>>> print(open('structure11.txt').read())   # compact mmCIF, C-alpha atoms
# COMPACT_ATOMS: atom_id res chain seq x y z
CA MET A 275 149.28 18.12 26.78
CA ARG A 276 151.46 20.18 29.07
CA ILE A 277 150.49 23.76 29.82
CA ILE A 278 153.15 25.95 31.41
CA PRO A 279 152.11 29.37 32.78
CA ILE A 280 154.85 31.97 32.33
CA PRO A 281 154.48 35.10 34.48
CA ILE A 282 155.36 38.29 32.59
CA TYR A 283 155.29 41.99 33.46
CA GLU A 284 153.63 42.69 36.82
CA HIS A 285 150.71 40.27 36.57
CA ASN A 286 150.26 39.02 33.00
CA TYR A 287 150.60 35.42 31.86
CA SER A 288 151.99 33.92 28.70
CA TYR A 289 151.54 30.19 28.24
CA LEU A 290 153.47 27.44 26.54
CA ILE A 291 151.31 24.56 25.28
CA VAL A 292 153.43 21.47 24.70
CA ASP A 293 152.34 18.34 22.86
CA ASP A 294 154.89 15.81 24.08
CA LYS A 295 153.64 13.18 21.62
CA ALA A 296 154.71 15.32 18.66
CA SER A 297 157.36 17.36 20.52
CA GLU A 298 155.62 20.48 19.23
CA ALA A 299 154.59 23.64 21.08
CA ALA A 300 152.49 26.78 20.75
CA ALA A 301 152.95 30.07 22.59
CA VAL A 302 149.96 32.02 23.91
CA ASP A 303 150.41 35.81 24.15
CA PRO A 304 154.24 35.70 24.39
CA ALA A 305 154.69 39.40 25.16
CA GLU A 306 158.09 38.86 26.83
CA PRO A 307 159.52 36.28 24.43
CA GLN A 308 162.87 35.75 26.14
CA LYS A 309 161.10 34.32 29.18
CA LEU A 310 159.10 31.96 26.98
CA LEU A 311 162.16 30.90 24.99
CA ALA A 312 163.98 30.00 28.20
CA VAL A 313 161.09 27.71 29.20
CA LEU A 314 160.82 26.31 25.68
CA ALA A 315 164.49 25.28 25.72
CA GLN A 316 163.83 23.12 28.78
CA THR A 317 161.01 21.23 27.03
CA GLY A 318 162.93 20.15 23.95
CA ALA A 319 159.85 20.88 21.84
CA LYS A 320 159.75 22.79 18.56
CA LEU A 321 157.75 26.02 18.64
CA THR A 322 155.47 26.12 15.61
CA SER A 323 152.80 28.71 16.36
CA ILE A 324 151.67 31.74 18.33
CA LEU A 325 148.09 32.02 19.56
CA THR A 326 147.30 35.70 20.14
CA THR A 327 144.14 36.45 22.12
CA HIS A 328 143.97 40.16 21.25
CA HIS A 329 146.02 43.08 20.02
CA HIS A 330 146.79 44.90 23.29
CA GLN A 331 150.50 45.40 23.62
CA ARG A 332 151.17 43.34 26.73
CA HIS A 333 149.66 40.36 24.95
CA SER A 334 150.96 40.78 21.40
CA VAL A 335 154.12 42.91 21.26
CA GLY A 336 156.43 39.90 21.70
CA ASN A 337 155.27 38.42 18.40
CA ILE A 338 157.80 40.59 16.58
CA GLU A 339 160.84 39.37 18.45
CA LEU A 340 159.63 35.78 18.59
CA VAL A 341 159.14 35.56 14.83
CA LEU A 342 162.65 36.93 14.35
CA ALA A 343 164.03 34.28 16.71
CA LYS A 344 161.88 31.48 15.29
CA PRO A 345 161.11 32.15 11.61
CA ASN A 346 158.12 30.58 9.85
CA LEU A 347 155.87 30.55 12.90
CA ALA A 348 152.13 30.50 12.27
CA VAL A 349 150.74 33.57 14.07
CA TYR A 350 147.04 33.11 14.76
CA GLY A 351 144.52 35.81 15.66
CA ALA A 352 141.52 37.70 14.39
CA ASP A 353 142.58 41.33 14.44
CA ALA A 354 144.70 43.18 11.89
CA ARG A 355 146.26 45.15 14.76
CA ILE A 356 148.14 42.02 15.97
CA PRO A 357 151.87 42.23 15.08
CA GLU A 358 153.13 39.61 12.61
CA LEU A 359 149.63 38.15 12.14
CA ASN A 360 149.72 35.71 9.22
CA TYR A 361 146.69 33.52 9.90
CA VAL A 362 143.31 35.16 10.49
CA CYS A 363 141.23 32.48 12.19
CA LYS A 364 137.49 32.30 11.77
CA HIS A 365 134.97 31.62 14.52
CA ASN A 366 134.81 27.90 15.30
CA GLU A 367 137.70 27.17 12.97
CA GLU A 368 139.76 24.07 13.80
CA PHE A 369 143.52 23.65 13.43
CA THR A 370 146.19 21.60 15.16
CA VAL A 371 149.34 21.99 17.24
CA GLY A 372 151.03 18.63 16.88
CA THR A 373 148.28 16.16 17.74
CA LEU A 374 146.33 18.72 19.81
CA LYS A 375 143.09 20.06 18.39
CA VAL A 376 142.59 23.82 18.62
CA ARG A 377 139.35 25.71 17.96
CA SER A 378 139.30 29.49 17.68
CA LEU A 379 136.29 31.14 19.31
CA HIS A 380 135.64 34.78 18.49
CA ALA A 381 135.02 36.76 21.67
CA ALA A 382 134.29 40.36 20.68
CA SER A 383 133.75 42.66 23.69
CA HIS A 384 137.01 43.40 25.46
CA THR A 385 138.25 44.12 21.95
CA LYS A 386 136.49 43.57 18.64
CA GLY A 387 139.14 41.08 17.62
CA SER A 388 139.45 39.05 20.82
CA VAL A 389 139.76 35.28 20.38
CA CYS A 390 139.69 32.43 22.89
CA TYR A 391 141.49 29.21 22.00
CA TYR A 392 139.88 25.90 22.97
CA VAL A 393 142.55 23.17 23.03
CA ARG A 394 141.88 19.43 23.40
CA ASP A 395 144.13 16.45 23.87
CA GLY A 396 142.90 12.98 22.92
CA ASN A 397 143.96 9.39 22.53
CA GLU A 398 144.08 6.90 19.66
CA MET A 399 140.34 6.26 20.13
CA ASN A 400 139.68 9.96 19.42
CA GLU A 401 138.48 10.40 23.01
CA GLU A 402 139.16 13.80 24.57
CA LEU A 403 141.23 13.38 27.72
CA GLU A 404 141.89 17.01 28.60
CA ARG A 405 140.40 20.35 27.63
CA ALA A 406 141.66 23.89 28.14
CA ILE A 407 140.50 27.34 27.09
CA PHE A 408 142.86 30.30 26.80
CA THR A 409 140.75 33.37 27.35
CA GLY A 410 143.09 36.36 27.39
CA ASP A 411 141.17 39.27 28.92
CA THR A 412 137.69 37.87 28.21
CA LEU A 413 136.85 35.39 30.96
CA LEU A 414 139.06 35.95 34.01
CA THR A 415 139.28 34.00 37.23
CA GLY A 416 136.31 35.32 39.19
CA GLY A 417 135.53 38.05 36.67
CA CYS A 418 135.81 39.28 33.10
CA GLY A 419 137.61 42.02 31.18
CA LYS A 420 136.30 45.50 30.54
CA PHE A 421 133.99 46.07 27.59
CA ILE A 422 136.46 48.33 25.80
CA GLU A 423 135.27 47.78 22.23
CA GLY A 424 131.95 46.09 22.96
CA ASP A 425 129.10 46.23 25.43
CA ALA A 426 127.32 44.13 28.02
CA LYS A 427 125.33 42.27 25.37
CA ASP A 428 128.52 41.28 23.57
CA MET A 429 130.17 40.01 26.74
CA TYR A 430 127.02 38.13 27.75
CA ASN A 431 127.00 36.37 24.38
CA VAL A 432 130.64 35.35 24.69
CA LEU A 433 130.49 34.19 28.32
CA HIS A 434 127.14 32.41 28.20
CA ASN A 435 126.52 31.38 24.59
CA VAL A 436 130.07 30.56 23.54
CA LEU A 437 132.35 29.75 26.48
CA GLY A 438 129.45 28.70 28.71
CA GLN A 439 128.54 25.92 26.27
CA LEU A 440 131.90 24.17 26.55
CA PRO A 441 132.29 21.10 28.81
CA LYS A 442 132.38 22.22 32.41
CA ASP A 443 135.62 20.35 33.15
CA THR A 444 137.46 22.64 30.72
CA LYS A 445 140.41 24.32 32.43
CA VAL A 446 140.46 28.12 32.17
CA TYR A 447 143.78 29.88 31.58
CA CYS A 448 143.29 33.64 31.58
CA GLY A 449 145.73 36.40 30.69
CA HIS A 450 146.29 37.83 34.17
CA GLU A 451 146.96 36.90 37.77
CA CYS A 452 143.76 38.60 38.86
CA ALA A 453 141.81 36.20 41.08
CA LEU A 454 142.29 37.97 44.40
CA ASN A 455 140.98 41.36 43.32
CA ASN A 456 138.18 39.86 41.24
CA LEU A 457 137.02 37.64 44.08
CA GLN A 458 137.22 40.50 46.57
CA PHE A 459 134.82 42.41 44.36
CA ALA A 460 132.60 39.36 43.89
CA ASN A 461 132.43 39.01 47.66
CA THR A 462 130.89 42.48 47.92
CA ILE A 463 128.16 41.32 45.52
CA ASP A 464 127.56 37.79 46.77
CA PRO A 465 128.95 37.54 50.34
CA SER A 466 126.96 34.46 51.34
CA ASN A 467 128.34 32.32 48.49
CA GLN A 468 130.25 29.47 50.17
CA TYR A 469 132.15 28.58 46.98
CA LEU A 470 133.25 32.18 46.62
CA ARG A 471 134.42 32.43 50.22
CA LYS A 472 136.45 29.24 49.86
CA LYS A 473 138.06 30.36 46.60
CA LEU A 474 138.81 33.81 48.02
CA ALA A 475 140.53 32.31 51.07
CA TRP A 476 142.58 30.05 48.80
CA SER A 477 143.55 32.88 46.45
CA GLN A 478 144.90 34.91 49.37
CA MET A 479 147.52 32.20 49.89
CA ALA A 480 148.22 31.08 46.30
CA GLN A 481 150.98 32.62 44.21
CA CYS A 482 149.50 31.28 40.96
CA THR A 483 145.72 30.96 40.68
CA VAL A 484 145.48 29.55 37.15
CA PRO A 485 143.86 27.41 36.01
CA SER A 486 140.34 27.36 37.28
CA THR A 487 137.62 25.35 35.50
CA LEU A 488 134.38 26.43 33.88
CA ALA A 489 132.49 24.48 36.54
CA GLU A 490 134.23 26.47 39.28
CA GLU A 491 133.63 29.78 37.51
CA PHE A 492 129.90 29.08 37.37
CA GLU A 493 129.96 28.64 41.16
CA TYR A 494 131.54 31.96 42.11
CA ASN A 495 132.01 34.26 39.10
CA PRO A 496 129.19 36.86 39.25
CA TYR A 497 129.33 37.44 35.48
CA LEU A 498 128.29 33.82 34.99
CA ARG A 499 125.53 33.91 37.63
CA LEU A 500 123.33 36.74 36.34
CA SER A 501 120.04 34.99 37.10
CA GLU A 502 120.89 34.44 40.78
CA SER A 503 118.73 36.52 43.13
CA SER A 504 121.76 37.72 45.11
CA ILE A 505 123.38 39.12 41.97
CA GLN A 506 120.18 40.75 40.78
CA GLN A 507 119.55 42.34 44.18
CA ALA A 508 123.08 43.71 44.33
CA THR A 509 122.73 45.27 40.87
CA ASN A 510 119.08 46.30 41.27
CA ALA A 511 118.34 44.74 37.89
CA SER A 512 116.82 41.57 36.48
CA ASP A 513 117.41 41.77 32.73
CA SER A 514 120.59 39.81 31.99
CA TYR A 515 122.20 42.57 29.95
CA GLU A 516 121.39 45.18 32.57
CA VAL A 517 122.77 42.97 35.34
CA MET A 518 125.95 42.43 33.32
CA ASN A 519 126.33 46.15 32.67
CA MET A 520 125.74 47.09 36.32
CA LEU A 521 128.24 44.47 37.48
CA ARG A 522 130.87 45.98 35.21
CA MET A 523 130.16 49.50 36.50
CA LEU A 524 130.31 48.37 40.14
CA ASN A 525 133.47 46.38 39.39
CA ASP A 526 135.16 49.43 37.87
CA ASN A 527 134.22 51.59 40.84
CA PHE A 528 135.53 48.93 43.22
CA ASN A 529 138.85 48.77 41.38
CA ASN A 530 139.19 52.54 41.29
CA GLN A 531 138.60 52.76 45.03
CA SER A 532 140.84 49.83 45.98
CA ASN A 533 143.67 50.40 43.50
CA GLY A 534 143.64 54.02 42.46
CA ILE A 535 146.54 55.20 40.39
CA ASN A 536 148.99 53.19 42.51
CA GLY A 537 147.12 50.02 41.54
CA LEU A 538 149.06 50.02 38.29
CA SER A 539 152.13 48.71 40.11
CA ASN A 540 150.72 46.79 43.03
CA GLY A 541 150.92 43.47 41.18
CA MET A 542 147.38 42.53 42.19
CA ASN A 543 144.73 42.23 39.57
CA GLY A 544 145.17 44.48 37.38
CA VAL A 545 143.30 43.77 34.34
CA ASN A 546 140.36 45.99 35.16
CA GLY A 547 142.32 48.62 37.08
CA ILE A 548 144.82 48.91 34.27
CA ASN A 549 142.18 49.01 31.58
CA GLY A 550 140.63 51.89 33.45
CA MET A 551 143.90 53.75 32.99
CA ASN A 552 144.25 53.15 29.25
CA GLY A 553 143.78 56.81 28.47
CA ILE A 554 146.74 57.73 30.66
CA ASN A 555 148.86 54.89 29.36
CA GLY A 556 148.04 55.87 25.82
CA LEU A 557 149.76 59.20 26.40
CA ALA A 558 152.95 57.28 26.98
CA GLY A 559 152.37 55.13 23.92
CA MET A 560 151.87 51.97 25.93
CA MET A 561 148.70 49.89 25.77
CA LEU A 562 148.96 47.55 28.71
CA GLN A 563 146.25 45.14 27.68
>>> encode(input="structure11.txt", output="structure tokens")
Amino acid sequence: MRIIPIPIYEHNYSYLIVDDKASEAAAVDPAEPQKLLAVLAQTGAKLTSILTTHHHQRHSVGNIELVLAKPNLAVYGADARIPELNYVCKHNEEFTVGTLKVRSLHAASHTKGSVCYYVRDGNEMNEELERAIFTGDTLLTGGCGKFIEGDAKDMYNVLHNVLGQLPKDTKVYCGHECALNNLQFANTIDPSNQYLRKKLAWSQMAQCTVPSTLAEEFEYNPYLRLSESSIQQATNASDSYEVMNMLRMLNDNFNNQSNGINGLSNGMNGVNGINGMNGINGLAGMMLQ
């Protein structure tokens, strides 16, 4: 399994998943399809499917052009608002891309129809050699997406009871280049965390911070460490849902203060800062996420 991150817009990612054994590929959130097609041409693989994590425009709008360029693609998702959707995947449903196994995991919170795609590569003995999860705007490096169409309880369920139960060596490919801003916020909550400090220092130098792993996220991502005393003290709460909700509120305030309106074009995080501006963007007819 080859996974190729494709930077799009200011700080989004599309991904190309290539199964070299079958010379078959899937596109994840190909919102700028010409960029993905240029990468696809270099692989020699046949594109057979689109995995759409959620309906927001900068994740799904490219489906239209890509289906025109590559007819008969299977377009997976779980939200009728996704352009060109022709396969509504159920929670825990299994399908394949070449010889790769893909499981769709419903992740309602950022949007009601969010889906994460758990992809595994194995050998002839049916042993899994590599695992990856494509999380869109649900689990982010060092953070998580806003609860636009859900609440703290929904996000807790997704992060801890669904994604948190996957093998910890699973690589995490999120929908945005957002590590630096997320980790800067996390550092205000948990400044004595040595794993966090190390990851933050690294992210200040790295141009591409994907993938992380689930094991790493459980070391420094505050949304996955709700029972830690440092997180509870910073949020002045102990109930997991309350801690999650307070983290999100503090995170939003942090982004508003650090990014402001100019944060929309600063190329750094963005997912939460931009989501906070959805009302303004909606006036222009553009949903960024």
>>> closest_residue(input="structure11.txt", among="A:Pro496, A:Gly416, A:Gly396, A:Gly424", to="A:His384", atoms="all atoms listed in the file")
A:Gly424
>>> residues_near_point(input="structure11.txt", point="(119.8, 42.6, 33.0)", cutoff="12 Å", atoms="only C-alpha atoms", output="list in words")
Ala426, Lys427, Tyr430, Tyr497, Arg499, Leu500, Ser501, Glu502, Ser503, Ile505, Gln506, Gln507, Ala508, Thr509, Asn510, Ala511, Ser512, Asp513, Ser514, Tyr515, Glu516, Val517, Met518, Asn519, Met520, Leu521 and Arg522 of chain A
>>> closest_residue(input="structure11.txt", among="A:Pro304, A:Pro345, A:Gly417, A:Pro465", to="A:Ser486", atoms="only C-alpha atoms")
A:Gly417
>>> residues_around(input="structure11.txt", residues="A:His434", least_positions_apart="5", cutoff="9 Å", atoms="only C-alpha atoms", output="short mmCIF file (atom, residue, chain, number, x, y, z; two decimals) with C-alpha atoms, keeping the file's coordinate frame")
data_model
loop_
_atom_site.label_atom_id
_atom_site.label_comp_id
_atom_site.auth_asym_id
_atom_site.auth_seq_id
_atom_site.Cartn_x
_atom_site.Cartn_y
_atom_site.Cartn_z
CA MET A 429 130.17 40.01 26.74
CA GLN A 439 128.54 25.92 26.27
CA LEU A 498 128.29 33.82 34.99
#
>>> closest_residue(input="structure11.txt", among="A:Ala381, A:Ser297, A:Asn495, A:Ile280", to="A:Asn435", atoms="all atoms listed in the file")
A:Ala381
>>> residues_near_point(input="structure11.txt", point="(141.9, 34.3, 22.2)", cutoff="8 Å", atoms="all atoms listed in the file", output="VMD selection string")
chain A and resid 325 to 328 351 378 to 381 388 to 391 408 to 410
>>> closest_residue(input="structure11.txt", among="A:Ser477, A:Asn397, A:Ser383, A:Ser288", to="A:Val432", atoms="all atoms listed in the file")
A:Ser383
>>> atom_distance(input="structure11.txt", atom1="atom CA of A:Glu368", atom2="atom CA of A:Glu298")
17.1 Å
>>> closest_residue(input="structure11.txt", among="A:Ala348, A:Leu488, A:Leu321, A:Ala305", to="A:Leu290", atoms="all atoms listed in the file")
A:Leu321
